[in-house]
file data_37.cif (mmCIF, C-alpha atoms)
data_model
loop_
_atom_site.label_atom_id
_atom_site.label_comp_id
_atom_site.auth_asym_id
_atom_site.auth_seq_id
_atom_site.Cartn_x
_atom_site.Cartn_y
_atom_site.Cartn_z
CA MET A 1 44.29 15.64 56.87
CA THR A 2 41.24 17.89 56.91
CA ILE A 3 37.69 16.54 56.78
CA LYS A 4 36.17 19.86 55.72
CA THR A 5 35.76 18.97 52.06
CA GLU A 6 32.80 19.65 49.80
CA ASP A 7 31.84 15.98 50.03
CA PHE A 8 31.90 16.15 53.81
CA ALA A 9 29.85 19.36 53.83
CA LYS A 10 27.12 17.60 51.84
CA GLN A 11 27.08 14.61 54.21
CA TRP A 12 27.08 16.88 57.25
CA MET A 13 24.09 18.84 55.82
CA PHE A 14 22.30 15.57 54.94
CA TYR A 15 22.73 14.33 58.52
CA ARG A 16 21.57 17.68 60.03
CA ILE A 17 18.44 17.80 57.86
CA MET A 18 17.53 14.19 58.66
CA ALA A 19 18.19 14.64 62.40
CA ILE A 20 15.89 17.70 62.50
CA VAL A 21 13.18 16.10 60.29
CA VAL A 22 13.16 12.79 62.21
CA GLY A 23 13.27 14.64 65.54
CA THR A 24 10.37 16.91 64.60
CA VAL A 25 8.20 14.08 63.24
CA LEU A 26 8.90 11.96 66.33
CA LEU A 27 8.08 14.87 68.65
CA VAL A 28 4.73 15.45 66.92
CA LEU A 29 3.99 11.71 66.99
CA THR A 30 4.82 11.50 70.69
CA ILE A 31 2.41 14.35 71.48
CA LEU A 32 -0.26 12.58 69.39
CA LEU A 33 0.46 9.28 71.14
CA ILE A 34 -0.02 10.88 74.56
CA SER A 35 -3.21 12.50 73.31
CA VAL A 36 -4.63 9.25 71.88
CA ARG A 37 -3.38 6.63 74.35
CA GLY A 38 -2.98 8.74 77.47
CA LEU A 39 -5.92 11.13 77.22
CA GLY A 40 -8.23 8.88 75.18
CA ASN A 41 -8.73 11.38 72.34
CA PRO A 42 -9.72 9.95 68.93
CA GLU A 43 -6.95 9.06 66.45
CA PRO A 44 -6.49 11.78 63.79
CA SER A 45 -6.94 10.52 60.23
CA PHE A 46 -3.22 10.86 59.47
CA TYR A 47 -2.11 9.00 62.64
CA VAL A 48 -1.21 5.63 61.07
CA ALA A 49 0.24 7.31 57.95
CA ALA A 50 2.44 9.54 60.15
CA TRP A 51 3.86 6.55 62.06
CA THR A 52 4.49 4.75 58.77
CA ALA A 53 6.21 7.89 57.41
CA HIS A 54 8.47 7.95 60.48
CA GLY A 55 9.24 4.28 59.81
CA TYR A 56 10.59 5.28 56.39
CA LEU A 57 12.30 8.51 57.44
CA PHE A 58 14.24 6.74 60.18
CA PRO A 59 16.19 4.45 57.76
CA VAL A 60 17.21 7.55 55.78
CA TYR A 61 18.46 9.10 59.05
CA VAL A 62 20.36 5.86 59.71
CA ILE A 63 22.05 6.09 56.29
CA ALA A 64 22.92 9.78 56.88
CA THR A 65 24.42 8.91 60.29
CA PHE A 66 26.42 6.05 58.86
CA MET A 67 27.82 8.16 56.01
CA LEU A 68 28.90 10.82 58.49
CA SER A 69 30.36 8.22 60.88
CA THR A 70 32.72 6.97 58.17
CA LYS A 71 34.00 10.52 57.62
CA LEU A 72 34.37 11.36 61.32
CA LYS A 73 35.82 7.92 62.13
CA TRP A 74 33.33 7.23 64.90
CA THR A 75 33.51 3.98 66.79
CA PHE A 76 30.86 1.35 66.08
CA GLY A 77 29.22 1.90 69.48
CA LYS A 78 29.01 5.68 69.04
CA THR A 79 27.53 5.26 65.55
CA ILE A 80 24.83 2.90 66.85
CA LEU A 81 24.00 5.24 69.77
CA ILE A 82 23.61 8.23 67.43
CA MET A 83 21.41 6.10 65.14
CA LEU A 84 19.24 5.08 68.11
CA ALA A 85 18.90 8.75 69.08
CA GLY A 86 16.44 8.96 66.17
CA THR A 87 14.03 6.73 68.08
CA ILE A 88 13.98 8.80 71.31
CA PRO A 89 11.97 12.05 71.31
CA LEU A 90 14.19 15.19 71.40
CA MET A 91 17.36 13.08 71.48
CA SER A 92 18.18 13.58 67.78
CA PHE A 93 18.19 17.39 68.38
CA ILE A 94 20.64 16.96 71.28
CA THR A 95 22.95 14.64 69.33
CA GLU A 96 22.84 16.95 66.31
CA ARG A 97 24.09 19.83 68.53
CA ARG A 98 26.85 17.64 69.98
CA VAL A 99 27.93 16.44 66.55
CA ALA A 100 27.93 20.08 65.35
CA LYS A 101 30.43 20.95 68.13
CA GLU A 102 32.57 17.98 67.13
CA VAL A 103 32.53 19.06 63.48
CA LYS A 104 33.49 22.66 64.39
CA SER A 105 36.43 21.47 66.45
CA ALA A 106 37.59 19.04 63.74
CA MET B 1 44.08 -14.50 52.01
CA SER B 2 45.01 -13.91 55.65
CA ARG B 3 43.81 -10.27 55.46
CA TYR B 4 40.26 -11.61 54.92
CA LEU B 5 40.45 -13.89 57.95
CA THR B 6 41.21 -11.60 60.87
CA LEU B 7 39.16 -11.97 64.04
CA ARG B 8 37.80 -8.43 63.62
CA LEU B 9 36.66 -9.14 60.09
CA PHE B 10 35.07 -12.38 61.21
CA ALA B 11 33.16 -10.44 63.90
CA ILE B 12 32.02 -7.88 61.28
CA HIS B 13 30.73 -10.66 59.01
CA ALA B 14 29.03 -12.48 61.89
CA LEU B 15 27.34 -9.29 63.11
CA GLY B 16 26.33 -8.27 59.58
CA ALA B 17 24.84 -11.67 58.78
CA LEU B 18 23.03 -11.76 62.13
CA ALA B 19 21.56 -8.28 61.62
CA VAL B 20 20.39 -9.09 58.06
CA VAL B 21 18.77 -12.34 59.23
CA ALA B 22 17.10 -10.50 62.14
CA CYS B 23 15.70 -7.86 59.75
CA LEU B 24 14.39 -10.53 57.38
CA ILE B 25 12.77 -12.49 60.27
CA LEU B 26 11.07 -9.28 61.42
CA ALA B 27 9.93 -8.61 57.83
CA ALA B 28 8.45 -12.13 57.64
CA TRP B 29 6.71 -11.56 60.99
CA GLN B 30 5.14 -8.32 59.75
CA TRP B 31 4.10 -10.07 56.51
CA ASP B 32 2.35 -12.76 58.60
CA ARG B 33 0.66 -10.08 60.67
CA ALA B 34 -0.52 -8.40 57.48
CA HIS B 35 -2.57 -11.54 56.81
CA VAL B 36 -3.94 -11.99 60.31
CA GLN B 37 -7.63 -12.74 60.24
CA THR B 38 -9.71 -10.13 61.98
CA ALA B 39 -12.26 -11.73 64.26
CA SER B 40 -15.78 -10.44 63.89
CA THR B 41 -16.99 -8.42 66.81
CA SER B 42 -20.41 -8.05 65.24
CA THR B 43 -23.24 -10.07 66.73
CA GLU B 44 -25.80 -8.04 64.85
CA VAL B 45 -28.08 -10.15 62.65
CA LYS B 46 -27.84 -8.65 59.17
CA THR B 47 -30.62 -8.86 56.64
CA PHE B 48 -30.13 -11.62 54.12
CA ALA B 49 -30.36 -9.22 51.14
CA GLU B 50 -27.37 -7.32 52.56
CA LEU B 51 -25.26 -10.47 52.86
CA SER B 52 -26.09 -12.40 49.74
CA PRO B 53 -26.85 -10.28 46.70
CA LEU B 54 -28.58 -12.39 44.08
CA ARG B 55 -26.97 -12.93 40.68
CA ASP B 56 -23.60 -12.33 42.29
CA TYR B 57 -20.99 -14.40 44.11
CA LEU B 58 -21.29 -14.57 47.87
CA PRO B 59 -19.11 -11.69 49.10
CA VAL B 60 -16.21 -12.89 51.25
CA SER B 61 -17.28 -10.36 53.87
CA SER B 62 -20.61 -12.19 54.23
CA VAL B 63 -19.05 -15.52 55.25
CA ALA B 64 -19.88 -16.53 58.85
CA MET B 65 -22.01 -13.45 59.41
CA PRO B 66 -25.26 -14.11 61.27
CA THR B 67 -28.42 -13.52 59.26
CA SER B 68 -32.12 -14.25 59.25
CA VAL B 69 -34.18 -15.28 56.24
CA THR B 70 -37.82 -16.16 55.57
CA GLY B 71 -38.98 -18.49 52.82
CA THR B 72 -40.98 -21.55 51.81
CA TRP B 73 -39.40 -24.99 52.03
CA GLN B 74 -39.32 -27.03 48.83
CA PRO B 75 -39.97 -30.55 50.19
CA ASP B 76 -38.95 -32.43 47.04
CA GLU B 77 -35.56 -30.82 46.57
CA ARG B 78 -33.62 -32.25 49.52
CA ILE B 79 -29.88 -32.96 49.25
CA LEU B 80 -28.17 -35.40 51.65
CA MET B 81 -24.45 -35.03 52.12
CA PRO B 82 -23.05 -38.36 53.43
CA GLU B 83 -19.92 -39.31 55.41
CA ARG B 84 -19.98 -36.11 57.46
CA VAL B 85 -19.72 -35.14 61.11
CA SER B 86 -21.72 -32.43 62.85
CA ASN B 87 -18.63 -30.35 63.59
CA GLY B 88 -17.75 -28.75 60.24
CA PRO B 89 -14.21 -27.52 61.10
CA GLU B 90 -13.18 -31.13 61.88
CA MET B 91 -13.78 -32.04 58.23
CA VAL B 92 -11.33 -29.46 56.91
CA ASN B 93 -8.08 -30.85 55.54
CA PRO B 94 -5.24 -28.88 57.17
CA ASP B 95 -2.96 -29.73 54.25
CA PRO B 96 -4.98 -29.18 51.05
CA ALA B 97 -2.06 -30.44 48.95
CA SER B 98 -2.55 -34.04 50.16
CA GLU B 99 -5.32 -36.51 50.94
CA VAL B 100 -5.92 -36.86 54.68
CA ILE B 101 -7.83 -39.79 56.20
CA LEU B 102 -9.11 -39.31 59.76
CA GLU B 103 -10.57 -41.89 62.15
CA TRP B 104 -13.41 -40.13 63.95
CA ALA B 105 -14.60 -41.13 67.41
CA ILE B 106 -17.73 -39.04 66.88
CA PRO B 107 -20.81 -40.19 64.91
CA ILE B 108 -20.64 -40.08 61.13
CA GLY B 109 -23.84 -39.26 59.28
CA TYR B 110 -25.51 -36.85 56.89
CA TRP B 111 -25.85 -33.12 56.52
CA VAL B 112 -29.45 -32.43 55.58
CA VAL B 113 -29.73 -29.66 52.98
CA ASP B 114 -33.19 -28.36 52.14
CA ILE B 115 -33.97 -25.74 49.55
CA MET B 116 -35.90 -22.67 50.65
CA GLU B 117 -37.65 -20.44 48.14
CA LEU B 118 -37.47 -16.83 49.23
CA ASP B 119 -40.05 -14.07 48.71
CA ASP B 120 -38.16 -12.71 45.70
CA GLY B 121 -38.45 -16.12 44.01
CA SER B 122 -34.78 -17.06 44.51
CA SER B 123 -33.65 -20.32 46.09
CA LEU B 124 -31.30 -20.81 49.02
CA GLY B 125 -29.65 -24.03 50.17
CA VAL B 126 -29.99 -24.44 53.94
CA VAL B 127 -28.11 -26.99 56.02
CA ARG B 128 -30.82 -27.69 58.57
CA GLY B 129 -28.84 -30.15 60.62
CA PHE B 130 -27.02 -33.46 61.05
CA THR B 131 -28.43 -36.97 61.40
CA THR B 132 -27.22 -40.55 61.44
CA ALA B 133 -30.65 -41.95 60.56
CA VAL B 134 -31.77 -41.01 57.05
CA GLU B 135 -35.19 -42.64 57.42
CA ASP B 136 -36.14 -40.41 60.39
CA ILE B 137 -35.54 -37.02 58.78
CA PRO B 138 -38.65 -34.86 59.04
CA THR B 139 -39.92 -33.32 55.81
CA ALA B 140 -39.45 -29.58 55.35
CA ASN B 141 -42.79 -27.92 54.76
CA GLY B 142 -44.41 -24.49 54.80
CA VAL B 143 -43.11 -21.01 55.49
CA GLU B 144 -40.42 -20.50 58.09
CA THR B 145 -38.03 -17.80 59.33
CA ILE B 146 -34.64 -19.26 59.98
CA THR B 147 -31.45 -17.79 61.43
CA GLY B 148 -28.01 -18.98 60.45
CA VAL B 149 -24.63 -18.10 59.00
CA MET B 150 -23.68 -18.00 55.33
CA GLN B 151 -20.95 -20.32 54.07
CA PRO B 152 -19.13 -20.34 50.74
CA SER B 153 -19.47 -23.18 48.27
CA GLU B 154 -17.17 -25.97 49.48
CA ASP B 155 -15.16 -25.80 46.27
CA PHE B 156 -13.92 -22.49 47.73
CA PRO B 157 -10.22 -21.98 46.76
CA GLY B 158 -7.90 -23.46 49.37
CA LEU B 159 -10.64 -25.53 51.04
CA LYS B 160 -10.38 -29.32 50.89
CA LEU B 161 -12.21 -31.84 53.03
CA VAL B 162 -10.69 -34.90 54.69
CA ASN B 163 -11.60 -38.56 54.00
CA GLY B 164 -12.54 -37.72 50.41
CA ILE B 165 -15.82 -36.17 51.59
CA LYS B 166 -17.88 -34.85 48.69
CA PRO B 167 -18.08 -31.04 48.90
CA LEU B 168 -21.43 -29.25 49.11
CA THR B 169 -21.24 -26.84 46.19
CA THR B 170 -23.37 -24.06 44.75
CA ALA B 171 -23.55 -26.17 41.56
CA MET B 172 -25.37 -28.95 43.49
CA ILE B 173 -27.83 -26.44 44.94
CA VAL B 174 -28.40 -24.87 41.51
CA ALA B 175 -29.04 -28.35 40.07
CA ASN B 176 -31.69 -29.10 42.74
CA ALA B 177 -33.34 -25.68 42.94
CA ARG B 178 -36.25 -24.81 40.70
CA THR B 179 -35.41 -21.10 40.61
CA ILE B 180 -32.24 -19.03 40.48
CA ALA B 181 -30.07 -19.97 43.48
CA HIS B 182 -27.85 -17.95 45.77
CA ASP B 183 -24.11 -18.68 45.84
CA GLY B 184 -23.03 -20.66 48.92
CA TYR B 185 -25.36 -22.03 51.55
CA LEU B 186 -26.83 -21.15 54.93
CA VAL B 187 -26.08 -23.23 58.04
CA ALA B 188 -29.04 -23.02 60.39
CA THR B 189 -28.22 -21.92 63.92
CA SER B 190 -31.84 -22.13 64.99
CA LYS B 191 -33.45 -25.51 65.31
CA SER B 192 -36.12 -26.00 62.65
CA ALA B 193 -36.42 -29.78 62.79
CA GLU B 194 -35.50 -32.68 65.04
CA LEU B 195 -31.94 -32.58 63.78
CA GLU B 196 -28.67 -31.90 65.56
CA LEU B 197 -27.38 -28.45 64.58
CA VAL B 198 -24.23 -28.35 62.48
CA THR B 199 -21.17 -26.25 63.33
CA PRO B 200 -20.28 -24.45 60.08
CA ILE B 201 -16.87 -24.90 58.48
CA PHE B 202 -16.18 -21.16 58.63
CA THR B 203 -17.02 -19.95 62.11
CA GLU B 204 -15.16 -16.64 61.70
CA PRO B 205 -15.04 -14.16 58.84
CA ILE B 206 -12.45 -14.94 56.20
CA SER B 207 -9.45 -12.61 56.06
CA GLN B 208 -10.17 -9.82 53.62
CA GLY B 209 -6.94 -8.98 51.87
CA LEU B 210 -3.97 -7.36 53.49
CA ASN B 211 -3.44 -5.04 56.41
CA TRP B 212 -1.51 -2.28 54.62
CA ARG B 213 0.05 -0.92 57.79
CA ASN B 214 1.87 -4.24 58.31
CA VAL B 215 2.74 -4.46 54.62
CA MET B 216 4.46 -1.08 54.95
CA TYR B 217 6.32 -2.32 58.05
CA THR B 218 7.36 -5.43 56.07
CA PHE B 219 9.00 -3.25 53.42
CA ASN B 220 10.45 -1.14 56.23
CA TRP B 221 12.31 -4.16 57.61
CA ILE B 222 13.46 -5.17 54.11
CA LEU B 223 14.81 -1.63 53.73
CA PHE B 224 16.65 -2.03 57.03
CA ALA B 225 18.12 -5.33 55.74
CA VAL B 226 19.38 -3.50 52.62
CA ILE B 227 20.88 -0.71 54.77
CA VAL B 228 22.59 -3.28 57.00
CA CYS B 229 24.04 -4.96 53.87
CA PHE B 230 25.32 -1.58 52.68
CA MET B 231 26.91 -0.84 56.07
CA TRP B 232 28.29 -4.36 56.29
CA ILE B 233 30.00 -4.07 52.88
CA ARG B 234 31.40 -0.60 53.67
CA VAL B 235 32.75 -1.61 57.10
CA ALA B 236 34.25 -4.86 55.78
CA ARG B 237 35.85 -3.03 52.82
CA ASP B 238 37.35 -0.38 55.13
CA GLU B 239 38.65 -3.13 57.39
CA VAL B 240 40.37 -4.90 54.51
CA GLN B 241 41.85 -1.61 53.23
CA LEU B 242 43.15 -0.72 56.70
CA ALA B 243 44.72 -4.15 57.00
CA GLN B 244 46.33 -3.68 53.58
CA ILE B 245 47.70 -0.23 54.52
CA ALA B 246 49.07 -1.63 57.79
CA LYS B 247 50.70 -4.50 55.90
CA ASN B 248 52.25 -2.15 53.30
CA HIS B 249 53.52 0.08 56.10
CA ALA B 250 55.05 -2.91 57.87
CA ASP B 251 56.66 -4.10 54.61
CA LEU B 252 58.15 -0.66 54.01
CA SER B 253 59.54 -0.51 57.56
CA HIS B 254 61.01 -3.99 57.12
CA ASP B 255 62.66 -3.02 53.79
CA ASN B 256 64.22 0.04 55.38
#

call {"tool": "encode", "arguments": {"input": "data_37.cif", "output": "structure tokens"}}
result
Amino acid sequence: MTIKTEDFAKQWMFYRIMAIVVGTVLLVLTILLISVRGLGNPEPSFYVAAWTAHGYLFPVYVIATFMLSTKLKWTFGKTILIMLAGTIPLMSFITERRVAKEVKSA
Amino acid sequence: MSRYLTLRLFAIHALGALAVVACLILAAWQWDRAHVQTASTSTEVKTFAELSPLRDYLPVSSVAMPTSVTGTWQPDERILMPERVSNGPEMVNPDPASEVILEWAIPIGYWVVDIMELDDGSSLGVVRGFTTAVEDIPTANGVETITGVMQPSEDFPGLKLVNGIKPLTTAMIVANARTIAHDGYLVATSKSAELELVTPIFTEPISQGLNWRNVMYTFNWILFAVIVCFMWIRVARDEVQLAQIAKNHADLSHDN
């Protein structure tokens, strides 16, 4: 049985886009956090809105990960770890690359 | 029915239910935080005109804010509020839906409310202090500058006093004042007579609406609860289907 169907391609693209978007937003927010909390710079006007936006992008990333996990038959633990990668700066980029390798070999 | 009762399926349901409940608890927590009262950090004495615009309701943001006002006492317009204690917050009924009777170990007496006529001709009710002896209350006379904090009319929504204490309302002040009166009343924090000072009912600013950041987080957790439900249903459905396939496979093997 092959998983490389049109349906899978859509879910794979959905996951990739969300992993890159969530990773980028989190990276920018982390730099801002260091600037505000660590260096004592004033909060930019979009600071709270950006954190709130991340709060809403992350659930979409979780859905994308879950949809892909059902196709790739990931274990529950692996699925949760990949979901949590969206909360650690840079980690969603790393997991996206690893998942890409897995998809290519499938 | 046995395919719905496997240990694995039970674990999926338990975990799903637990995760949904956790998300909803976190949503409720954020909703509570959205209503958290912000304590005033301002000790600045604002001008009275800023706090209490005439011909308007007392703005919620003016409650408990320190202010200073100058006016002429109206000696014949005194209001005495009986059955009270000097500590205002102690008179507040914590459960406004029911009547609460408290036995106080502290003295019970009167709040002395005098009317002050301000320079613009308006009237302001001022709680000058507390006394247990009505006959000894000094008369309010002349011009005086007084500092204090503004309080809303005691028929303020959600506010109910214990022991059936009669509330001090704007309507009472309007009825006693000779000129147009301000909404609410001022509790003096500076001593203007030989009266014990009263602690106002509202010692901190009243919460002004919602903190939208926490409201957004509340919906965020509700969204997570919905996602968990979705995942829960999908995982449970897959589990049942796998069990069914395994059973069919076993039946086929048995038949052969």

call {"tool": "residues_around", "arguments": {"input": "data_37.cif", "residues": "Ile180 (chain B)", "least_positions_apart": "6", "cutoff": "8 Å", "atoms": "all atoms listed in the file", "output": "ChimeraX atom specification"}}
result
/B:121-123,174

call {"tool": "closest_atom_pairs", "arguments": {"input": "data_37.cif", "of": "chain B", "to": "chain A", "cutoff": "12 Å", "atoms": "all atoms listed in the file", "output": "tab-separated table"}}
result
residue	atom	partner	partner_atom	distance
B:Ile12	CA	A:Phe76	CA	10.5
B:Leu15	CA	A:Phe76	CA	11.6
B:Asn211	CA	A:Val48	CA	11.9
B:Trp212	CA	A:Thr52	CA	10.1
B:Arg213	CA	A:Thr52	CA	7.3
B:Asn214	CA	A:Thr52	CA	9.4
B:Val215	CA	A:Thr52	CA	10.3
B:Met216	CA	A:Thr52	CA	7.0
B:Tyr217	CA	A:Thr52	CA	7.3
B:Thr218	CA	A:Gly55	CA	10.6
B:Phe219	CA	A:Tyr56	CA	9.2
B:Asn220	CA	A:Tyr56	CA	6.4
B:Trp221	CA	A:Gly55	CA	9.2
B:Ile222	CA	A:Pro59	CA	10.6
B:Leu223	CA	A:Pro59	CA	7.4
B:Phe224	CA	A:Pro59	CA	6.5
B:Ala225	CA	A:Pro59	CA	10.2
B:Val226	CA	A:Pro59	CA	10.0
B:Ile227	CA	A:Ile63	CA	7.1
B:Val228	CA	A:Ile63	CA	9.4
B:Cys229	CA	A:Ile63	CA	11.5
B:Phe230	CA	A:Ile63	CA	9.1
B:Met231	CA	A:Phe66	CA	7.4
B:Trp232	CA	A:Phe66	CA	10.9
B:Arg234	CA	A:Thr70	CA	8.9
B:Val235	CA	A:Thr70	CA	8.6
B:Arg237	CA	A:Thr70	CA	11.8
B:Asp238	CA	A:Thr70	CA	9.2
B:Glu239	CA	A:Thr70	CA	11.7

call {"tool": "write_last_selection", "arguments": {"input": "data_37.cif", "atoms": "C-alpha atoms", "output": "mmCIF file, in the coordinates of the input"}}
result
data_model
loop_
_atom_site.group_PDB
_atom_site.id
_atom_site.type_symbol
_atom_site.label_atom_id
_atom_site.label_comp_id
_atom_site.auth_asym_id
_atom_site.auth_seq_id
_atom_site.Cartn_x
_atom_site.Cartn_y
_atom_site.Cartn_z
ATOM 1 C CA ILE B 12 32.020 -7.880 61.280
ATOM 2 C CA LEU B 15 27.340 -9.290 63.110
ATOM 3 C CA ASN B 211 -3.440 -5.040 56.410
ATOM 4 C CA TRP B 212 -1.510 -2.280 54.620
ATOM 5 C CA ARG B 213 0.050 -0.920 57.790
ATOM 6 C CA ASN B 214 1.870 -4.240 58.310
ATOM 7 C CA VAL B 215 2.740 -4.460 54.620
ATOM 8 C CA MET B 216 4.460 -1.080 54.950
ATOM 9 C CA TYR B 217 6.320 -2.320 58.050
ATOM 10 C CA THR B 218 7.360 -5.430 56.070
ATOM 11 C CA PHE B 219 9.000 -3.250 53.420
ATOM 12 C CA ASN B 220 10.450 -1.140 56.230
ATOM 13 C CA TRP B 221 12.310 -4.160 57.610
ATOM 14 C CA ILE B 222 13.460 -5.170 54.110
ATOM 15 C CA LEU B 223 14.810 -1.630 53.730
ATOM 16 C CA PHE B 224 16.650 -2.030 57.030
ATOM 17 C CA ALA B 225 18.120 -5.330 55.740
ATOM 18 C CA VAL B 226 19.380 -3.500 52.620
ATOM 19 C CA ILE B 227 20.880 -0.710 54.770
ATOM 20 C CA VAL B 228 22.590 -3.280 57.000
ATOM 21 C CA CYS B 229 24.040 -4.960 53.870
ATOM 22 C CA PHE B 230 25.320 -1.580 52.680
ATOM 23 C CA MET B 231 26.910 -0.840 56.070
ATOM 24 C CA TRP B 232 28.290 -4.360 56.290
ATOM 25 C CA ARG B 234 31.400 -0.600 53.670
ATOM 26 C CA VAL B 235 32.750 -1.610 57.100
ATOM 27 C CA ARG B 237 35.850 -3.030 52.820
ATOM 28 C CA ASP B 238 37.350 -0.380 55.130
ATOM 29 C CA GLU B 239 38.650 -3.130 57.390
#

call {"tool": "resolve_selection", "arguments": {"input": "data_37.cif", "expression": "the PyMOL selection byres ((chain A and resi 27) around 12)", "output": "CSV table (one decimal) with C-alpha atoms, keeping the file's coordinate frame"}}
result
chain,number,residue,atom,x,y,z
A,19,ALA,CA,18.2,14.6,62.4
A,20,ILE,CA,15.9,17.7,62.5
A,21,VAL,CA,13.2,16.1,60.3
A,22,VAL,CA,13.2,12.8,62.2
A,23,GLY,CA,13.3,14.6,65.5
A,24,THR,CA,10.4,16.9,64.6
A,25,VAL,CA,8.2,14.1,63.2
A,26,LEU,CA,8.9,12.0,66.3
A,28,VAL,CA,4.7,15.4,66.9
A,29,LEU,CA,4.0,11.7,67.0
A,30,THR,CA,4.8,11.5,70.7
A,31,ILE,CA,2.4,14.4,71.5
A,32,LEU,CA,-0.3,12.6,69.4
A,33,LEU,CA,0.5,9.3,71.1
A,34,ILE,CA,0.0,10.9,74.6
A,50,ALA,CA,2.4,9.5,60.2
A,51,TRP,CA,3.9,6.6,62.1
A,54,HIS,CA,8.5,8.0,60.5
A,86,GLY,CA,16.4,9.0,66.2
A,87,THR,CA,14.0,6.7,68.1
A,88,ILE,CA,14.0,8.8,71.3
A,89,PRO,CA,12.0,12.0,71.3
A,90,LEU,CA,14.2,15.2,71.4
A,91,MET,CA,17.4,13.1,71.5
A,92,SER,CA,18.2,13.6,67.8
A,93,PHE,CA,18.2,17.4,68.4

call {"tool": "atom_distance", "arguments": {"input": "data_37.cif", "atom1": "CA of Pro75 (chain B)", "atom2": "CA of Pro138 (chain B)"}}
result
9.9 Å

call {"tool": "resolve_selection", "arguments": {"input": "data_37.cif", "expression": "the PyMOL selection byres ((chain B and resi 97) around 12)", "output": "ChimeraX atom specification"}}
result
/B:93-96,98-100,157-162

call {"tool": "write_last_selection", "arguments": {"input": "data_37.cif", "atoms": "C-alpha atoms", "output": "compact mmCIF listing (two decimals), in the frame of the given file"}}
result
# COMPACT_ATOMS: atom_id res chain seq x y z
CA ASN B 93 -8.08 -30.85 55.54
CA PRO B 94 -5.24 -28.88 57.17
CA ASP B 95 -2.96 -29.73 54.25
CA PRO B 96 -4.98 -29.18 51.05
CA SER B 98 -2.55 -34.04 50.16
CA GLU B 99 -5.32 -36.51 50.94
CA VAL B 100 -5.92 -36.86 54.68
CA PRO B 157 -10.22 -21.98 46.76
CA GLY B 158 -7.90 -23.46 49.37
CA LEU B 159 -10.64 -25.53 51.04
CA LYS B 160 -10.38 -29.32 50.89
CA LEU B 161 -12.21 -31.84 53.03
CA VAL B 162 -10.69 -34.90 54.69

call {"tool": "resolve_selection", "arguments": {"input": "data_37.cif", "expression": "the PyMOL selection byres ((chain B and resi 175) around 12)", "output": "ChimeraX atom specification"}}
result
/B:77-79,115,123-125,168-174,176-182

call {"tool": "residues_around", "arguments": {"input": "data_37.cif", "residues": "region 55-69 of chain B", "least_positions_apart": "6", "cutoff": "6 Å", "atoms": "all atoms listed in the file", "output": "list in words"}}
result
Val45, Lys46, Thr47, Phe48, Thr145, Ile146, Thr147, Gly148, Val149, Met150, Gln151, Asp183, Phe202, Thr203, Glu204 and Pro205 of chain B

call {"tool": "write_last_selection", "arguments": {"input": "data_37.cif", "atoms": "C-alpha atoms", "output": "mmCIF file, in the coordinates of the input"}}
result
data_model
loop_
_atom_site.group_PDB
_atom_site.id
_atom_site.type_symbol
_atom_site.label_atom_id
_atom_site.label_comp_id
_atom_site.auth_asym_id
_atom_site.auth_seq_id
_atom_site.Cartn_x
_atom_site.Cartn_y
_atom_site.Cartn_z
ATOM 1 C CA VAL B 45 -28.080 -10.150 62.650
ATOM 2 C CA LYS B 46 -27.840 -8.650 59.170
ATOM 3 C CA THR B 47 -30.620 -8.860 56.640
ATOM 4 C CA PHE B 48 -30.130 -11.620 54.120
ATOM 5 C CA THR B 145 -38.030 -17.800 59.330
ATOM 6 C CA ILE B 146 -34.640 -19.260 59.980
ATOM 7 C CA THR B 147 -31.450 -17.790 61.430
ATOM 8 C CA GLY B 148 -28.010 -18.980 60.450
ATOM 9 C CA VAL B 149 -24.630 -18.100 59.000
ATOM 10 C CA MET B 150 -23.680 -18.000 55.330
ATOM 11 C CA GLN B 151 -20.950 -20.320 54.070
ATOM 12 C CA ASP B 183 -24.110 -18.680 45.840
ATOM 13 C CA PHE B 202 -16.180 -21.160 58.630
ATOM 14 C CA THR B 203 -17.020 -19.950 62.110
ATOM 15 C CA GLU B 204 -15.160 -16.640 61.700
ATOM 16 C CA PRO B 205 -15.040 -14.160 58.840
#

call {"tool": "atom_distance", "arguments": {"input": "data_37.cif", "atom1": "CA of Asp119 (chain B)", "atom2": "CA of Val143 (chain B)"}}
result
10.2 Å

call {"tool": "atom_distance", "arguments": {"input": "data_37.cif", "atom1": "CA of Arg84 (chain B)", "atom2": "CA of Glu117 (chain B)"}}
result
25.4 Å

call {"tool": "residues_around", "arguments": {"input": "data_37.cif", "residues": "Trp104 (chain B)", "least_positions_apart": "5", "cutoff": "12 Å", "atoms": "all atoms listed in the file", "output": "PyMOL selection string"}}
result
chain B and resi 83-87+90-91+109+162-163

call {"tool": "closest_residue", "arguments": {"input": "data_37.cif", "among": "A:Lys78, A:Lys73, A:Arg98, A:Arg37", "to": "Arg16 (chain A)", "atoms": "only C-alpha atoms"}}
result
A:Arg98

call {"tool": "decode", "arguments": {"input": "data_37.cif", "residues": "region 46-58 of chain A", "atoms": "C-alpha atoms", "output": "compact mmCIF listing (two decimals), in the first residue's frame"}}
result
# COMPACT_ATOMS: atom_id res chain seq x y z
CA PHE A 46 2.19 44.14 18.28
CA TYR A 47 3.81 42.09 21.09
CA VAL A 48 0.64 40.83 22.82
CA ALA A 49 -1.18 40.38 19.48
CA ALA A 50 1.75 38.30 18.15
CA TRP A 51 1.70 35.96 21.17
CA THR A 52 -2.06 35.62 20.83
CA ALA A 53 -1.64 34.87 17.10
CA HIS A 54 0.86 32.13 17.96
CA GLY A 55 -1.70 30.76 20.43
CA TYR A 56 -4.12 30.32 17.54
CA LEU A 57 -1.61 29.14 14.93
CA PHE A 58 -0.34 26.40 17.22
